[in-house]
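final35.pdb (PDB, C-alpha atoms and all ligand atoms)
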```pdb
MODEL        1
ATOM      1  CA  MET A   1       0.000   0.000   0.000  1.00  0.00           C
ATOM      2  CA  ARG A   2       1.281   3.484  -0.848  1.00  0.00           C
ATOM      3  CA  GLN A   3       2.466   5.595   2.070  1.00  0.00           C
ATOM      4  CA  ALA A   4       2.006   9.383   2.118  1.00  0.00           C
ATOM      5  CA  LEU A   5       5.742   9.713   2.775  1.00  0.00           C
ATOM      6  CA  ASP A   6       6.736   7.915  -0.439  1.00  0.00           C
ATOM      7  CA  TRP A   7       7.915  10.278  -3.167  1.00  0.00           C
ATOM      8  CA  GLN A   8       6.091  10.032  -6.489  1.00  0.00           C
ATOM      9  CA  ILE A   9       6.674  11.677  -9.853  1.00  0.00           C
ATOM     10  CA  ALA A  10       3.859  14.117 -10.584  1.00  0.00           C
ATOM     11  CA  THR A  11       3.251  15.823 -13.931  1.00  0.00           C
ATOM     12  CA  VAL A  12       2.358  19.496 -14.239  1.00  0.00           C
ATOM     13  CA  LYS A  13      -1.076  19.473 -15.881  1.00  0.00           C
ATOM     14  CA  ASP A  14      -1.883  23.166 -15.673  1.00  0.00           C
ATOM     15  CA  ILE A  15      -0.526  26.476 -14.356  1.00  0.00           C
ATOM     16  CA  ARG A  16      -2.911  29.350 -13.627  1.00  0.00           C
ATOM     17  CA  PRO A  17      -2.030  32.861 -12.404  1.00  0.00           C
ATOM     18  CA  GLU A  18      -4.072  33.973  -9.378  1.00  0.00           C
ATOM     19  CA  THR A  19      -2.357  37.326  -8.735  1.00  0.00           C
ATOM     20  CA  ALA A  20       0.922  38.924  -9.879  1.00  0.00           C
ATOM     21  CA  LYS A  21       2.843  36.843  -7.316  1.00  0.00           C
ATOM     22  CA  VAL A  22       0.655  33.760  -6.905  1.00  0.00           C
ATOM     23  CA  LYS A  23       0.104  30.823  -9.233  1.00  0.00           C
ATOM     24  CA  THR A  24      -1.914  27.639  -8.892  1.00  0.00           C
ATOM     25  CA  PHE A  25      -0.257  24.479 -10.206  1.00  0.00           C
ATOM     26  CA  THR A  26      -2.315  21.381 -11.027  1.00  0.00           C
ATOM     27  CA  PHE A  27      -0.348  18.136 -10.697  1.00  0.00           C
ATOM     28  CA  SER A  28      -1.428  14.729 -12.029  1.00  0.00           C
ATOM     29  CA  LEU A  29      -0.452  12.051  -9.527  1.00  0.00           C
ATOM     30  CA  PRO A  30       0.185   8.420 -10.503  1.00  0.00           C
ATOM     31  CA  ASN A  31      -0.466   7.350  -6.890  1.00  0.00           C
ATOM     32  CA  TRP A  32      -3.206   9.761  -5.872  1.00  0.00           C
ATOM     33  CA  THR A  33      -4.876   9.252  -2.491  1.00  0.00           C
ATOM     34  CA  ALA A  34      -7.746  11.256  -1.049  1.00  0.00           C
ATOM     35  CA  HIS A  35      -6.766  14.145   1.231  1.00  0.00           C
ATOM     36  CA  ARG A  36      -8.512  16.086   3.988  1.00  0.00           C
ATOM     37  CA  ALA A  37      -8.857  19.865   3.805  1.00  0.00           C
ATOM     38  CA  GLY A  38      -5.855  21.388   5.583  1.00  0.00           C
ATOM     39  CA  GLN A  39      -3.287  18.748   4.575  1.00  0.00           C
ATOM     40  CA  HIS A  40      -0.193  19.537   2.529  1.00  0.00           C
ATOM     41  CA  TYR A  41       2.269  18.011   0.056  1.00  0.00           C
ATOM     42  CA  ASP A  42       6.051  18.270   0.045  1.00  0.00           C
ATOM     43  CA  VAL A  43       7.782  19.316  -3.177  1.00  0.00           C
ATOM     44  CA  ARG A  44      11.381  18.187  -3.759  1.00  0.00           C
ATOM     45  CA  LEU A  45      13.738  19.600  -6.379  1.00  0.00           C
ATOM     46  CA  THR A  46      17.017  17.885  -7.259  1.00  0.00           C
ATOM     47  CA  ALA A  47      19.824  19.667  -9.110  1.00  0.00           C
ATOM     48  CA  GLU A  48      22.149  17.901 -11.530  1.00  0.00           C
ATOM     49  CA  ASP A  49      24.880  17.846  -8.861  1.00  0.00           C
ATOM     50  CA  GLY A  50      22.534  16.088  -6.426  1.00  0.00           C
ATOM     51  CA  TYR A  51      21.682  19.150  -4.311  1.00  0.00           C
ATOM     52  CA  GLN A  52      18.090  18.926  -3.070  1.00  0.00           C
ATOM     53  CA  ALA A  53      15.591  21.494  -1.804  1.00  0.00           C
ATOM     54  CA  GLN A  54      12.284  20.533  -0.241  1.00  0.00           C
ATOM     55  CA  ARG A  55       9.300  22.718   0.754  1.00  0.00           C
ATOM     56  CA  SER A  56       5.735  22.128   1.964  1.00  0.00           C
ATOM     57  CA  TYR A  57       2.629  23.457   0.178  1.00  0.00           C
ATOM     58  CA  SER A  58      -0.966  23.220   1.360  1.00  0.00           C
ATOM     59  CA  ILE A  59      -3.452  21.482  -0.917  1.00  0.00           C
ATOM     60  CA  ALA A  60      -5.717  24.039  -2.600  1.00  0.00           C
ATOM     61  CA  SER A  61      -8.030  21.631  -4.416  1.00  0.00           C
ATOM     62  CA  GLU A  62     -11.195  20.110  -3.031  1.00  0.00           C
ATOM     63  CA  PRO A  63     -10.931  16.584  -1.580  1.00  0.00           C
ATOM     64  CA  GLU A  64     -13.525  15.282  -4.077  1.00  0.00           C
ATOM     65  CA  ARG A  65     -11.262  15.792  -7.116  1.00  0.00           C
ATOM     66  CA  GLN A  66      -9.539  12.529  -8.018  1.00  0.00           C
ATOM     67  CA  GLY A  67      -6.138  11.818  -9.566  1.00  0.00           C
ATOM     68  CA  GLU A  68      -4.772  15.337  -9.223  1.00  0.00           C
ATOM     69  CA  ILE A  69      -4.193  18.153  -6.754  1.00  0.00           C
ATOM     70  CA  ASP A  70      -3.745  21.924  -6.894  1.00  0.00           C
ATOM     71  CA  LEU A  71      -0.951  23.679  -5.019  1.00  0.00           C
ATOM     72  CA  THR A  72      -1.117  27.491  -4.830  1.00  0.00           C
ATOM     73  CA  VAL A  73       2.311  29.055  -4.421  1.00  0.00           C
ATOM     74  CA  GLU A  74       3.337  32.627  -3.681  1.00  0.00           C
ATOM     75  CA  ARG A  75       6.567  33.680  -5.407  1.00  0.00           C
ATOM     76  CA  ILE A  76       9.117  34.712  -2.760  1.00  0.00           C
ATOM     77  CA  GLU A  77      11.880  36.991  -4.057  1.00  0.00           C
ATOM     78  CA  ASP A  78      15.098  34.915  -4.054  1.00  0.00           C
ATOM     79  CA  GLY A  79      13.103  31.948  -2.770  1.00  0.00           C
ATOM     80  CA  GLU A  80      14.743  28.739  -3.901  1.00  0.00           C
ATOM     81  CA  VAL A  81      11.689  26.600  -4.579  1.00  0.00           C
ATOM     82  CA  SER A  82       8.848  29.102  -5.111  1.00  0.00           C
ATOM     83  CA  SER A  83      10.780  31.118  -7.703  1.00  0.00           C
ATOM     84  CA  TYR A  84      11.743  27.910  -9.534  1.00  0.00           C
ATOM     85  CA  MET A  85       8.081  26.897  -9.647  1.00  0.00           C
ATOM     86  CA  HIS A  86       7.041  30.336 -10.920  1.00  0.00           C
ATOM     87  CA  ASP A  87       9.873  30.992 -13.377  1.00  0.00           C
ATOM     88  CA  VAL A  88      10.993  27.577 -14.645  1.00  0.00           C
ATOM     89  CA  LEU A  89       8.283  24.947 -14.181  1.00  0.00           C
ATOM     90  CA  MET A  90       6.150  24.400 -17.287  1.00  0.00           C
ATOM     91  CA  LYS A  91       3.153  22.335 -18.285  1.00  0.00           C
ATOM     92  CA  GLY A  92       4.238  18.729 -18.906  1.00  0.00           C
ATOM     93  CA  ASP A  93       7.252  18.911 -16.570  1.00  0.00           C
ATOM     94  CA  ARG A  94       7.682  16.182 -13.976  1.00  0.00           C
ATOM     95  CA  ILE A  95       8.447  16.862 -10.340  1.00  0.00           C
ATOM     96  CA  GLU A  96       8.728  14.916  -7.084  1.00  0.00           C
ATOM     97  CA  LEU A  97       5.858  15.236  -4.598  1.00  0.00           C
ATOM     98  CA  ARG A  98       4.819  13.373  -1.484  1.00  0.00           C
ATOM     99  CA  GLY A  99       1.637  13.546   0.539  1.00  0.00           C
ATOM    100  CA  PRO A 100      -0.999  14.108   1.675  1.00  0.00           C
ATOM    101  CA  ILE A 101       0.682  14.970   4.986  1.00  0.00           C
ATOM    102  CA  GLY A 102      -0.641  16.377   8.266  1.00  0.00           C
ATOM    103  CA  GLY A 103      -3.460  15.502  10.600  1.00  0.00           C
ATOM    104  CA  TYR A 104      -3.628  18.351  13.090  1.00  0.00           C
ATOM    105  CA  PHE A 105      -4.978  21.326  11.111  1.00  0.00           C
ATOM    106  CA  VAL A 106      -7.624  19.441   9.135  1.00  0.00           C
ATOM    107  CA  TRP A 107     -11.407  19.537   8.967  1.00  0.00           C
ATOM    108  CA  ASP A 108     -14.249  17.720   7.236  1.00  0.00           C
ATOM    109  CA  PRO A 109     -16.866  19.699   5.263  1.00  0.00           C
ATOM    110  CA  GLU A 110     -19.554  17.271   6.459  1.00  0.00           C
ATOM    111  CA  SER A 111     -18.818  17.973  10.118  1.00  0.00           C
ATOM    112  CA  PRO A 112     -21.936  19.464  11.788  1.00  0.00           C
ATOM    113  CA  GLU A 113     -19.884  21.658  14.142  1.00  0.00           C
ATOM    114  CA  PRO A 114     -19.569  25.382  13.346  1.00  0.00           C
ATOM    115  CA  LEU A 115     -16.301  26.206  11.569  1.00  0.00           C
ATOM    116  CA  LEU A 116     -14.540  29.590  11.568  1.00  0.00           C
ATOM    117  CA  LEU A 117     -11.542  29.852   9.244  1.00  0.00           C
ATOM    118  CA  ILE A 118      -9.353  32.979   9.275  1.00  0.00           C
ATOM    119  CA  ALA A 119      -6.216  33.293   7.166  1.00  0.00           C
ATOM    120  CA  GLY A 120      -3.870  35.795   5.573  1.00  0.00           C
ATOM    121  CA  GLY A 121      -1.276  35.610   2.792  1.00  0.00           C
ATOM    122  CA  SER A 122      -0.559  32.105   1.533  1.00  0.00           C
ATOM    123  CA  GLY A 123      -2.408  30.886   4.642  1.00  0.00           C
ATOM    124  CA  VAL A 124      -5.613  31.129   2.579  1.00  0.00           C
ATOM    125  CA  VAL A 125      -4.529  28.101   0.524  1.00  0.00           C
ATOM    126  CA  PRO A 126      -5.816  25.365   2.847  1.00  0.00           C
ATOM    127  CA  LEU A 127      -9.116  27.244   3.056  1.00  0.00           C
ATOM    128  CA  MET A 128      -9.458  26.926  -0.737  1.00  0.00           C
ATOM    129  CA  SER A 129      -9.562  23.160  -0.200  1.00  0.00           C
ATOM    130  CA  ASN A 130     -12.793  23.400   1.768  1.00  0.00           C
ATOM    131  CA  SER A 131     -14.804  21.480  -0.837  1.00  0.00           C
ATOM    132  CA  SER A 132     -16.476  22.713  -4.015  1.00  0.00           C
ATOM    133  CA  ARG A 133     -19.935  22.018  -2.587  1.00  0.00           C
TER     134      ARG A 133
HETATM  135  C1  LIG A 201       2.769  23.180   6.267  1.00  0.00           C
HETATM  136  C2  LIG A 201       3.189  24.301   5.320  1.00  0.00           C
HETATM  137  C3  LIG A 201       2.334  24.684   4.288  1.00  0.00           C
HETATM  138  C4  LIG A 201       2.689  25.710   3.432  1.00  0.00           C
HETATM  139  N1  LIG A 201       1.834  26.058   2.446  1.00  0.00           N
HETATM  140  C5  LIG A 201       2.170  27.023   1.567  1.00  0.00           C
HETATM  141  C6  LIG A 201       1.281  27.363   0.501  1.00  0.00           C
HETATM  142  O1  LIG A 201       0.194  26.787   0.358  1.00  0.00           O
HETATM  143  N2  LIG A 201       1.676  28.327  -0.375  1.00  0.00           N
HETATM  144  C7  LIG A 201       2.882  28.988  -0.244  1.00  0.00           C
HETATM  145  O2  LIG A 201       3.182  29.856  -1.082  1.00  0.00           O
HETATM  146  N3  LIG A 201       3.742  28.681   0.767  1.00  0.00           N
HETATM  147  C8  LIG A 201       3.429  27.711   1.662  1.00  0.00           C
HETATM  148  N4  LIG A 201       4.310  27.354   2.648  1.00  0.00           N
HETATM  149  C9  LIG A 201       5.646  27.983   2.659  1.00  0.00           C
HETATM  150  C10 LIG A 201       6.621  27.190   1.733  1.00  0.00           C
HETATM  151  O3  LIG A 201       6.866  25.915   2.306  1.00  0.00           O
HETATM  152  C11 LIG A 201       7.987  27.854   1.559  1.00  0.00           C
HETATM  153  O4  LIG A 201       8.515  28.166   2.830  1.00  0.00           O
HETATM  154  C12 LIG A 201       7.941  29.124   0.698  1.00  0.00           C
HETATM  155  O5  LIG A 201       7.448  28.819  -0.594  1.00  0.00           O
HETATM  156  C13 LIG A 201       9.361  29.730   0.561  1.00  0.00           C
HETATM  157  O6  LIG A 201      10.200  28.762   0.029  1.00  0.00           O
HETATM  158  P1  LIG A 201      11.338  29.190  -1.038  1.00  0.00           P
HETATM  159  O7  LIG A 201      12.182  27.989  -1.261  1.00  0.00           O
HETATM  160  O8  LIG A 201      10.737  29.855  -2.218  1.00  0.00           O
HETATM  161  O9  LIG A 201      12.123  30.298  -0.244  1.00  0.00           O
HETATM  162  P2  LIG A 201      13.476  30.093   0.602  1.00  0.00           P
HETATM  163  O10 LIG A 201      14.616  29.789  -0.304  1.00  0.00           O
HETATM  164  O11 LIG A 201      13.199  29.142   1.705  1.00  0.00           O
HETATM  165  O12 LIG A 201      13.656  31.559   1.148  1.00  0.00           O
HETATM  166  C14 LIG A 201      12.648  32.178   1.960  1.00  0.00           C
HETATM  167  C15 LIG A 201      13.095  33.609   2.276  1.00  0.00           C
HETATM  168  O13 LIG A 201      14.305  33.579   3.001  1.00  0.00           O
HETATM  169  C16 LIG A 201      15.258  34.344   2.318  1.00  0.00           C
HETATM  170  N5  LIG A 201      16.540  33.643   2.443  1.00  0.00           N
HETATM  171  C17 LIG A 201      16.856  32.455   1.904  1.00  0.00           C
HETATM  172  N6  LIG A 201      18.128  32.126   2.230  1.00  0.00           N
HETATM  173  C18 LIG A 201      18.599  33.145   3.004  1.00  0.00           C
HETATM  174  C19 LIG A 201      19.826  33.390   3.657  1.00  0.00           C
HETATM  175  N7  LIG A 201      20.847  32.530   3.575  1.00  0.00           N
HETATM  176  N8  LIG A 201      19.957  34.547   4.369  1.00  0.00           N
HETATM  177  C20 LIG A 201      18.941  35.422   4.456  1.00  0.00           C
HETATM  178  N9  LIG A 201      17.747  35.234   3.845  1.00  0.00           N
HETATM  179  C21 LIG A 201      17.594  34.122   3.140  1.00  0.00           C
HETATM  180  C22 LIG A 201      14.841  34.442   0.887  1.00  0.00           C
HETATM  181  O14 LIG A 201      15.323  35.609   0.273  1.00  0.00           O
HETATM  182  C23 LIG A 201      13.367  34.475   1.054  1.00  0.00           C
HETATM  183  O15 LIG A 201      12.932  35.760   1.292  1.00  0.00           O
HETATM  184  C24 LIG A 201       3.946  26.362   3.575  1.00  0.00           C
HETATM  185  C25 LIG A 201       4.817  25.970   4.610  1.00  0.00           C
HETATM  186  C26 LIG A 201       4.436  24.964   5.470  1.00  0.00           C
HETATM  187  C27 LIG A 201       5.383  24.565   6.574  1.00  0.00           C
ENDMDL
END
```

Translate the structure described by the file into structure tokens.
Ligand SMILES: Cc1cc2nc3c(=O)[nH]c(=O)nc-3n(C[C@H](O)[C@H](O)[C@H](O)COP(=O)(O)OP(=O)(O)OC[C@H]3O[C@@H](n4cnc5c(N)ncnc54)[C@H](O)[C@@H]3O)c2cc1C
Amino acid sequence: MRQALDWQIATVKDIRPETAKVKTFTFSLPNWTAHRAGQHYDVRLTAEDGYQAQRSYSIASEPERQGEIDLTVERIEDGEVSSYMHDVLMKGDRIELRGPIGGYFVWDPESPEPLLLIAGGSGVVPLMSNSSR
């Protein structure tokens, strides 16, 4: 059985600008598993000399969507991973991802309890995952 901490090779299916500094990337996942709103994926980049950089990004897509996820990334000036994703990554490229990860800051849309979500900056991303319904 696939573990969330196994790396898999995702393919960039789509890239959409949200604002001047924010883009949403849709990744097709060969080993997709359902996530809960609030979980994240890790992205790992490997240079030709073997140097690796790894960052976490919250899942922006709704849990009902199968086989793919959206990650919404703010471009940080001089940021190693976010600027690569904004400036270099193109549709059709392949990239290492692992997830879904995290079980503390999660919620279920079906839960009957009242839910108050407040966020700023890229903190809005997990809120975008709060189901399309
Ligand atoms: C659980 C989790 C979820 C997250 N979700 C999201 C999300 O949904 N969307 C999102 O956009 N981000 C999210 N983040 C943040 C993301 O993981 C990265 O931290 C962010 O993208 C910056 O990474 P980077 O590699 O681009 O920048 P980095 O290379 O890590 O640099 C960050 C900043 O530090 C500065 N810096 C780097 N090196 C040095 C140095 N040696 N000296 C001084 N300054 C330096 C850079 O100039 C830059 O301003 C999340 C983080 C966590 C932990």

For this session: Could you please extract the residues within 7 Å of ligand LIG 201 (chain A), counting all atoms listed in the file, and hand them back as an MDAnalysis selection string?
Result: chainID A and resid 40 55:59 71:83 122:123 125:126

For this session: Would you be able to write out as a list of chain:residue names which residues have an atom within 9 Å of (3.7, 9.8, -6.2) in the file's coordinates, counting all atoms listed in the file?
Result: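 Those within range, by chain then number, are A:Arg2, A:Ala4, A:Asp6, A:Trp7, A:Gln8, A:Ile9, A:Ala10, A:Leu29, A:Pro30, A:Asn31, A:Trp32, A:Glu96, A:Leu97, A:Arg98, A:Gly99.
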
Exercise. Which of these, A:Ala20, A:Ile101, A:Val88, A:Leu116, has the shortest distance to Asn130 in chain A once you count all atoms listed in the file?
Worked result: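 Once distances to Asn130 in chain A are computed over all atoms listed in the file, the minimum belongs to A:Leu116.
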
Exercise. Could you spell out the hits of the PyMOL selection byres (((chain A and resi 15) around 7) and not hetatm) on the shown file, as a list in words?
Worked result: Asp14, Arg16, Pro17, Lys23, Thr24, Phe25, Thr26 and Lys91 of chain A

Can you tell me, as AutoDock Vina command-line options, the centre and edge lengths (Å, one decimal) of the axis-aligned box enclosing all of range 65-72 of chain A's listed atoms after padding each side by 3 Å?
```
--center_x -6.1 --center_y 19.7 --center_z -7.2 --size_x 16.3 --size_y 21.7 --size_z 10.7
```

Exercise. When you draw a straight line from CA of Ser111 in chain A to CA of Leu5 in chain A, how long is it in Å?
Worked result: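 Distance between the two atoms: 26.9 Å.
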
For this session: Rank A:Gly121, A:Ser61, A:Asp93, A:Gln39 by their smallest atom-to-atom distance to Thr19 in chain A, using all atoms listed in the file, and report the top residue only.
Result: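 Going through A:Gly121, A:Ser61, A:Asp93, A:Gln39 one by one, the smallest distance to Thr19 in chain A is for A:Gly121.
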
Exercise. Using only C-alpha atoms, which of A:Ala53, A:Val12, A:Ala34, A:Leu127 sits nearest Phe105 in chain A?
Worked result: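 Closest to Phe105 in chain A, using only C-alpha atoms: A:Leu127.
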
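The smallest atom-to-atom distance between Thr33 in chain A and any of A:Asp108, A:Glu113, A:Glu18, A:Glu68, using all atoms listed in the file, is found for A:Glu68.
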
For this session: State, in Å with one decimal place, the distance from CA of Ser28 in chain A to CA of Gly120 in chain A.
Result: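 Separation of CA of Ser28 in chain A and CA of Gly120 in chain A: 27.6 Å.
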
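What separates CA of His86 in chain A from CA of Leu45 in chain A is a distance of 13.4 Å.
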
Problem set entry | Of the listed residues A:Val22, A:Met85, A:Ile69, A:Leu115, that which approaches Pro100 in chain A most closely, counting all atoms listed in the file |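 Smallest separation from Pro100 in chain A among the options: A:Ile69.
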
Please produce range 107-118 of chain A, completed to all heavy atoms, as a compact mmCIF listing (two decimals), in the frame of the given file.
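Saved the output as selection-v1.txt:
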```txt
# COMPACT_ATOMS: atom_id res chain seq x y z
N TRP A 107 -9.98 19.52 8.63
CA TRP A 107 -11.41 19.54 8.97
C TRP A 107 -12.19 18.85 7.85
O TRP A 107 -11.72 18.72 6.73
CB TRP A 107 -11.91 20.97 9.17
CG TRP A 107 -11.77 21.82 7.94
CD1 TRP A 107 -12.69 22.02 6.96
CD2 TRP A 107 -10.60 22.56 7.55
NE1 TRP A 107 -12.18 22.85 5.99
CE2 TRP A 107 -10.91 23.20 6.32
CE3 TRP A 107 -9.34 22.76 8.12
CZ2 TRP A 107 -10.00 24.00 5.66
CZ3 TRP A 107 -8.44 23.57 7.45
CH2 TRP A 107 -8.77 24.18 6.24
N ASP A 108 -13.39 18.40 8.20
CA ASP A 108 -14.25 17.72 7.24
C ASP A 108 -15.45 18.60 6.93
O ASP A 108 -16.15 19.04 7.85
CB ASP A 108 -14.74 16.38 7.81
CG ASP A 108 -13.58 15.42 7.99
OD1 ASP A 108 -12.82 15.24 7.03
OD2 ASP A 108 -13.44 14.87 9.10
N PRO A 109 -15.72 18.85 5.62
CA PRO A 109 -16.87 19.70 5.26
C PRO A 109 -18.19 19.17 5.81
O PRO A 109 -19.10 19.94 6.08
CB PRO A 109 -16.86 19.67 3.73
CG PRO A 109 -15.48 19.27 3.36
CD PRO A 109 -14.96 18.41 4.46
N GLU A 110 -18.30 17.86 5.98
CA GLU A 110 -19.55 17.27 6.46
C GLU A 110 -19.75 17.44 7.97
O GLU A 110 -20.83 17.19 8.48
CB GLU A 110 -19.60 15.76 6.15
CG GLU A 110 -19.85 15.44 4.67
CD GLU A 110 -18.60 15.60 3.84
OE1 GLU A 110 -17.49 15.62 4.42
OE2 GLU A 110 -18.71 15.76 2.60
N SER A 111 -18.72 17.86 8.66
CA SER A 111 -18.82 17.97 10.12
C SER A 111 -19.93 18.97 10.50
O SER A 111 -19.98 20.07 9.96
CB SER A 111 -17.47 18.44 10.67
OG SER A 111 -17.62 18.74 12.03
N PRO A 112 -20.82 18.59 11.42
CA PRO A 112 -21.94 19.46 11.79
C PRO A 112 -21.51 20.64 12.67
O PRO A 112 -22.25 21.61 12.80
CB PRO A 112 -22.87 18.53 12.56
CG PRO A 112 -21.99 17.44 13.08
CD PRO A 112 -20.85 17.30 12.12
N GLU A 113 -20.31 20.58 13.24
CA GLU A 113 -19.88 21.66 14.14
C GLU A 113 -19.63 22.96 13.37
O GLU A 113 -19.20 22.91 12.22
CB GLU A 113 -18.59 21.28 14.87
CG GLU A 113 -18.80 20.28 15.98
CD GLU A 113 -18.29 18.91 15.60
OE1 GLU A 113 -17.26 18.84 14.93
OE2 GLU A 113 -18.95 17.92 15.95
N PRO A 114 -19.88 24.11 14.01
CA PRO A 114 -19.57 25.38 13.35
C PRO A 114 -18.06 25.48 13.07
O PRO A 114 -17.27 24.95 13.85
CB PRO A 114 -19.99 26.44 14.37
CG PRO A 114 -20.63 25.73 15.50
CD PRO A 114 -20.40 24.28 15.36
N LEU A 115 -17.71 26.13 11.96
CA LEU A 115 -16.30 26.21 11.57
C LEU A 115 -15.97 27.65 11.22
O LEU A 115 -16.64 28.26 10.38
CB LEU A 115 -16.07 25.30 10.35
CG LEU A 115 -14.67 25.25 9.77
CD1 LEU A 115 -13.69 24.62 10.76
CD2 LEU A 115 -14.69 24.46 8.46
N LEU A 116 -14.99 28.23 11.87
CA LEU A 116 -14.54 29.59 11.57
C LEU A 116 -13.11 29.50 11.07
O LEU A 116 -12.23 29.02 11.79
CB LEU A 116 -14.62 30.47 12.82
CG LEU A 116 -14.06 31.89 12.67
CD1 LEU A 116 -14.87 32.69 11.65
CD2 LEU A 116 -14.04 32.60 14.01
N LEU A 117 -12.87 29.92 9.83
CA LEU A 117 -11.54 29.85 9.24
C LEU A 117 -11.06 31.27 8.95
O LEU A 117 -11.73 32.03 8.25
CB LEU A 117 -11.58 29.04 7.94
CG LEU A 117 -12.03 27.58 8.09
CD1 LEU A 117 -12.33 26.97 6.73
CD2 LEU A 117 -10.97 26.76 8.81
N ILE A 118 -9.93 31.64 9.50
CA ILE A 118 -9.35 32.98 9.28
C ILE A 118 -7.92 32.80 8.79
O ILE A 118 -7.17 32.02 9.38
CB ILE A 118 -9.35 33.81 10.58
CG1 ILE A 118 -10.79 33.95 11.11
CG2 ILE A 118 -8.71 35.17 10.36
CD1 ILE A 118 -10.88 34.61 12.47
```
